[in-house]
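Q: My structure is stored as entry-v7.cif, with mmCIF, C-alpha atoms and all ligand atoms.
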data_run
#
loop_
_atom_site.label_atom_id
_atom_site.label_comp_id
_atom_site.auth_asym_id
_atom_site.auth_seq_id
_atom_site.Cartn_x
_atom_site.Cartn_y
_atom_site.Cartn_z
CA MET A 1 0.00 0.00 0.00
CA GLU A 2 1.22 3.54 -0.81
CA PRO A 3 1.46 6.38 1.78
CA PHE A 4 -1.23 9.02 1.43
CA ASN A 5 -2.54 12.31 2.87
CA SER A 6 -6.07 13.18 3.91
CA TYR A 7 -7.25 16.73 4.60
CA LEU A 8 -9.15 17.75 7.71
CA ASN A 9 -11.23 20.90 8.06
CA PHE A 10 -10.56 21.91 11.67
CA ASN A 11 -13.75 23.97 11.86
CA THR A 12 -16.22 21.40 10.59
CA GLY A 13 -14.39 18.11 11.25
CA GLU A 14 -14.93 17.06 7.63
CA ILE A 15 -12.20 15.04 5.94
CA LEU A 16 -11.71 15.23 2.19
CA ALA A 17 -10.85 12.16 0.10
CA ASN A 18 -10.33 8.48 0.98
CA CYS A 19 -13.34 8.59 3.29
CA ASN A 20 -16.46 6.67 4.23
CA ILE A 21 -19.04 8.92 5.85
CA ILE A 22 -21.35 7.38 8.45
CA VAL A 23 -24.45 9.43 9.27
CA ARG A 24 -26.37 8.38 12.37
CA HIS A 25 -29.94 9.60 12.69
CA LEU A 26 -31.87 9.13 15.92
CA SER A 27 -33.74 6.22 14.28
CA ASP A 28 -30.38 4.41 14.01
CA MET A 29 -30.13 4.55 17.82
CA LYS A 30 -33.62 3.38 18.85
CA GLY A 31 -33.72 2.33 22.48
CA MET A 32 -30.34 3.85 23.32
CA TYR A 33 -31.74 7.01 24.94
CA TYR A 34 -33.69 6.16 28.06
CA ASP A 35 -36.63 8.46 27.22
CA LEU A 36 -38.40 6.31 24.63
CA LYS A 37 -41.33 8.74 24.24
CA ALA A 38 -39.02 11.68 23.47
CA THR A 39 -37.09 9.44 21.05
CA GLN A 40 -40.23 8.47 19.10
CA LYS A 41 -41.51 12.07 18.99
CA ILE A 42 -38.25 13.32 17.44
CA ILE A 43 -38.10 10.42 14.98
CA ASN A 44 -41.66 11.25 13.85
CA GLU A 45 -40.85 14.97 13.54
CA ASP A 46 -37.52 15.13 11.70
CA ASP A 47 -35.41 12.12 12.72
CA ARG A 48 -32.51 14.46 13.25
CA VAL A 49 -28.86 13.62 12.56
CA ILE A 50 -27.15 13.01 15.92
CA TYR A 51 -23.60 12.49 14.62
CA LYS A 52 -21.40 11.82 11.61
CA VAL A 53 -18.15 9.93 11.30
CA TYR A 54 -15.59 10.60 8.54
CA ASN A 55 -13.62 7.39 8.40
CA ILE A 56 -10.43 7.29 6.36
CA ASP A 57 -10.26 4.15 4.26
CA VAL A 58 -7.49 1.94 5.71
CA PRO A 59 -7.43 -1.90 5.79
CA GLU A 60 -9.02 -3.29 8.96
CA LYS A 61 -5.95 -5.39 9.63
CA TYR A 62 -3.24 -5.79 12.26
CA GLY A 63 -0.40 -3.32 11.66
CA HIS A 64 -2.61 -0.58 10.22
CA LEU A 65 -4.12 2.36 12.14
CA GLN A 66 -7.78 3.27 11.68
CA HIS A 67 -8.37 7.02 11.98
CA CYS A 68 -11.47 9.16 11.73
CA THR A 69 -13.23 12.29 12.91
CA SER A 70 -16.60 12.32 14.65
CA ILE A 71 -18.96 15.28 14.81
CA ILE A 72 -21.70 15.09 17.44
CA TYR A 73 -24.27 17.83 16.95
CA PRO A 74 -25.51 19.64 20.07
CA GLY A 75 -28.89 18.79 21.54
CA ARG A 76 -30.80 16.43 23.80
CA VAL A 77 -33.29 13.61 23.55
CA GLY A 78 -35.51 14.34 26.53
CA ASP A 79 -32.92 15.48 29.05
CA GLU A 80 -30.16 13.18 27.78
CA PHE A 81 -27.40 14.82 25.75
CA HIS A 82 -26.64 13.74 22.18
CA MET A 83 -24.12 10.89 22.14
CA THR A 84 -22.59 8.12 20.06
CA LYS A 85 -23.87 4.55 20.20
CA GLY A 86 -20.76 3.40 22.04
CA HIS A 87 -18.96 0.10 21.65
CA PHE A 88 -16.43 -2.40 22.91
CA HIS A 89 -13.75 -3.33 20.41
CA ALA A 90 -14.36 -6.70 18.79
CA GLN A 91 -10.68 -7.37 19.47
CA GLU A 92 -10.98 -6.41 23.13
CA ASP A 93 -7.29 -5.93 23.90
CA THR A 94 -7.01 -2.86 21.68
CA ALA A 95 -6.86 0.78 22.80
CA GLU A 96 -7.91 4.10 21.23
CA ILE A 97 -6.96 7.79 21.39
CA TYR A 98 -9.35 10.74 21.06
CA LEU A 99 -8.10 14.27 20.36
CA VAL A 100 -10.75 17.00 20.63
CA LEU A 101 -10.67 19.72 17.98
CA GLN A 102 -13.84 21.66 18.92
CA GLY A 103 -16.58 21.64 21.53
CA THR A 104 -17.05 20.13 24.96
CA GLY A 105 -18.29 16.81 26.19
CA LYS A 106 -17.75 13.69 28.23
CA LEU A 107 -16.10 10.41 27.42
CA LEU A 108 -17.99 7.65 29.22
CA MET A 109 -16.11 4.38 29.59
CA GLN A 110 -17.11 1.12 31.20
CA LYS A 111 -15.50 -2.28 31.70
CA LYS A 112 -17.37 -5.58 31.62
CA ASP A 113 -17.34 -5.68 35.44
CA THR A 114 -19.22 -2.28 35.20
CA GLU A 115 -16.34 -0.17 36.54
CA VAL A 116 -17.00 3.29 35.09
CA LYS A 117 -14.71 6.19 34.25
CA ILE A 118 -15.81 9.56 32.83
CA LEU A 119 -13.32 12.04 31.35
CA ASP A 120 -13.93 15.65 30.30
CA MET A 121 -13.48 16.43 26.62
CA GLN A 122 -12.57 19.92 25.46
CA SER A 123 -10.52 21.47 22.67
CA GLY A 124 -6.99 20.05 23.01
CA SER A 125 -7.85 17.18 25.36
CA ILE A 126 -6.24 13.88 24.43
CA SER A 127 -8.02 10.92 26.00
CA TYR A 128 -6.52 7.45 26.22
CA ILE A 129 -9.03 4.60 26.15
CA PRO A 130 -7.13 1.52 27.35
CA PRO A 131 -7.91 -2.02 26.15
CA TYR A 132 -11.14 -3.61 27.51
CA TRP A 133 -13.06 -0.34 28.09
CA ALA A 134 -16.29 0.30 26.16
CA HIS A 135 -16.53 3.94 25.10
CA ARG A 136 -19.29 6.42 24.31
CA THR A 137 -18.92 10.16 23.61
CA ILE A 138 -21.46 12.75 24.75
CA ASN A 139 -21.79 16.35 23.57
CA THR A 140 -22.67 18.42 26.65
CA GLY A 141 -22.13 21.81 24.94
CA ASN A 142 -24.04 24.10 22.59
CA THR A 143 -21.74 23.62 19.59
CA PRO A 144 -20.66 20.51 17.66
CA LEU A 145 -18.22 18.24 19.51
CA ILE A 146 -15.52 17.34 16.98
CA PHE A 147 -12.77 14.86 17.74
CA PHE A 148 -10.14 12.83 15.94
CA ALA A 149 -9.71 9.15 16.83
CA VAL A 150 -6.93 6.64 16.15
CA TYR A 151 -7.11 2.90 16.90
CA PRO A 152 -5.54 -0.36 15.72
CA GLY A 153 -6.56 -1.68 12.33
CA GLU A 154 -7.86 -4.97 13.67
CA ALA A 155 -9.89 -3.52 16.60
CA GLY A 156 -13.38 -3.69 15.02
CA HIS A 157 -16.63 -2.60 16.71
CA ASN A 158 -18.77 -4.72 19.01
CA TYR A 159 -22.07 -2.86 19.50
CA GLY A 160 -24.19 -5.73 20.80
CA ILE A 161 -23.45 -5.50 24.52
CA ILE A 162 -24.18 -1.76 24.61
CA GLU A 163 -27.27 -2.10 22.39
CA ASN A 164 -28.68 -4.69 24.80
CA LYS A 165 -27.86 -3.15 28.17
CA GLY A 166 -26.50 0.35 27.57
CA PHE A 167 -24.02 1.94 29.96
CA CYS A 168 -24.76 1.98 33.69
CA LYS A 169 -24.52 5.80 33.75
CA LEU A 170 -26.34 8.48 31.72
CA ILE A 171 -25.31 12.10 31.14
CA VAL A 172 -28.32 14.41 31.43
CA GLU A 173 -29.25 18.04 31.92
CA ARG A 174 -31.07 18.82 35.17
CA ASN A 175 -31.87 22.45 36.09
CA GLY A 176 -29.30 23.70 33.56
CA GLN A 177 -26.57 21.50 35.05
CA ILE A 178 -24.74 18.53 33.54
CA LYS A 179 -25.46 15.53 35.75
CA VAL A 180 -24.32 11.91 35.77
CA ILE A 181 -27.17 9.66 36.85
CA ASP A 182 -27.68 5.91 37.18
CA ASN A 183 -29.29 4.33 34.13
CA PRO A 184 -32.72 3.23 35.38
CA ASN A 185 -32.77 0.40 32.81
CA TYR A 186 -29.38 -1.09 33.61
C1 LIG B 1 -15.01 7.48 17.25
C2 LIG B 1 -14.34 6.14 17.06
C3 LIG B 1 -15.00 5.37 15.95
C4 LIG B 1 -16.50 5.29 16.18
C5 LIG B 1 -17.09 6.69 16.34
C6 LIG B 1 -18.58 6.68 16.64
O1 LIG B 1 -14.72 8.29 16.16
O2 LIG B 1 -14.39 5.43 18.26
O3 LIG B 1 -14.45 4.07 15.87
O4 LIG B 1 -17.13 4.58 15.15
O5 LIG B 1 -16.42 7.33 17.41
O6 LIG B 1 -18.88 5.88 17.73
P1 LIG B 1 -19.83 4.58 17.57
O7 LIG B 1 -19.14 3.67 16.59
O8 LIG B 1 -19.86 4.01 18.96
O9 LIG B 1 -21.13 5.04 17.09
ZN ZN B 2 -13.43 2.37 19.63
#
Could you spell out this file's structure in C-alpha cells?
A:
Amino acid sequence: MEPFNSYLNFNTGEILANCNIIVRHLSDMKGMYYDLKATQKIINEDDRVIYKVYNIDVPEKYGHLQHCTSIIYPGRVGDEFHMTKGHFHAQEDTAEIYLVLQGTGKLLMQKKDTEVKILDMQSGSISYIPPYWAHRTINTGNTPLIFFAVYPGEAGHNYGIIENKGFCKLIVERNGQIKVIDNPNY
C-alpha cells in the first residue's frame, strides 16, 4: 500500500478524500436514549442527525491504524445529551486515542465488570481509552463536539453488549446542570 494524505477541516471536522461517511440519525439509535417517548416524537418529527463519522479508508488489519473524525451535533433527547452509540472493540485488547478539535463533552467508559470512568473532553484534550473499556462520547455543549480518533486496524466494533444493556450511567441536563445519573434500565 502507498502512503497518502487526507485533509481535515478543523472547523467542521470534515475530511476530504479516501473517506467513508457514516451518518447516524436518531432512528439508528432506537432504544439507546432512556426516554423512549421523546425518542419516538423526534423520529416522527424530523429524525434528526445526531452524529457523523468521517472514516479514512485503511485496511481493517493488524499493523494498520484506523483514523477518523466524529462530529456530534448539540442537543438532547428528553434530558439526555446527544451521544454516540458506544462500543467495545471486537478485538478487546485494543486501545484508542481521542483528540478534541472543537466543543465540549464527556467520554464515558465502562469495563465488563461495570467499573466506570468519565473524562472531560474539550478542545486540546487527548483521552486514552485503554484495552477492555467500552466507550461512548457525549456532547454536553451548545456547539458541535468534533474529535479525531486513532485505533488499531484490527480492533473492530462490538455494538451488541451496549445495544442490549446500555451503559450503567447516563449524562443528562437537570436544572441547567450537567449531571451523571444511574441508568434506570441497567
Ligand atoms: C469514534 C471512534 C469510531 C467510532 C465513532 C462513533 O470516532 O471510536 O471508531 O465509530 O467514534 O462511535 P460509535 O461507533 O460508537 O457510534
Ligand atoms: Zn473504539
Q: Could you give me, as a list in words, the residues that have an atom at most 10 Å away from the point (-19.2, -4.0, 15.4) in the coordinates of the file, using all atoms listed in the file?
A: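 In the file's frame, the residues around the point are His87, Phe88, His89, Ala90, Ala155, Gly156, His157, Asn158, Tyr159 and Gly160 of chain A.
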Q: Let me make sure I understand: among A:Leu16, A:Val100, A:Ile181, A:Leu170, which one has the smallest atom-to-atom distance to Met83 (chain A) if we use all atoms listed in the file?
A: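 Between A:Leu16, A:Val100, A:Ile181, A:Leu170, the residue approaching Met83 (chain A) most closely is A:Leu170.
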Q: Within 9 Å of region 146-154 of chain A, counting all atoms listed in the file, which residues show up once you throw out same-chain ones fewer than 6 positions away? Write them as number ranges by chain, please.
A: A: 10-13, 58-73, 90-91, 94-104, 123
Q: Could you work out an axis-aligned bounding box for all listed atoms of ligand LIG 1 (chain B), with 3 Å added on each of the six sides, and give its centre and edge lengths in Å to one decimal, as AutoDock Vina command-line options?
A:
--center_x -17.7 --center_y 6.0 --center_z 17.1 --size_x 12.8 --size_y 10.6 --size_z 9.8
Q: Excluding Ile42 (chain A) and residues on its chain fewer than 3 positions from it, collect all residues at most 12 Å away from it, counting all atoms listed in the file, and give them as a list in words.
A: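 Once the nearby chain positions are removed, what remains is His25, Leu26, Ser27, Met29, Lys30, Tyr33, Asp35, Leu36, Lys37, Ala38, Thr39, Glu45, Asp46, Asp47, Arg48, Val49, Ile50, Gly75, Arg76, Val77 and Gly78 of chain A.
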Q: So how far away is CA of Met121 (chain A) from CA of Arg136 (chain A), in Å?
A: 11.8 Å
Q: Quick check, in Å to one decimal: how far apart do CA of Ile178 (chain A) and CA of Ile161 (chain A) lie?
A: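 Between CA of Ile178 (chain A) and CA of Ile161 (chain A) the gap is 25.7 Å.
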Q: Just checking: using all atoms listed in the file, which residue out of A:Tyr7, A:Tyr186, A:Tyr34, A:Trp133 ends up closest to ligand LIG 1 (chain B)?
A: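 Checking each of A:Tyr7, A:Tyr186, A:Tyr34, A:Trp133 against ligand LIG 1 (chain B), counting all atoms listed in the file, the winner is A:Trp133.
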Q: Can you tell me how far CA of Asn9 (chain A) sits from CA of Asp28 (chain A), in Å to one decimal?
A: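 We find that CA of Asn9 (chain A) and CA of Asp28 (chain A) lie 26.0 Å from each other.
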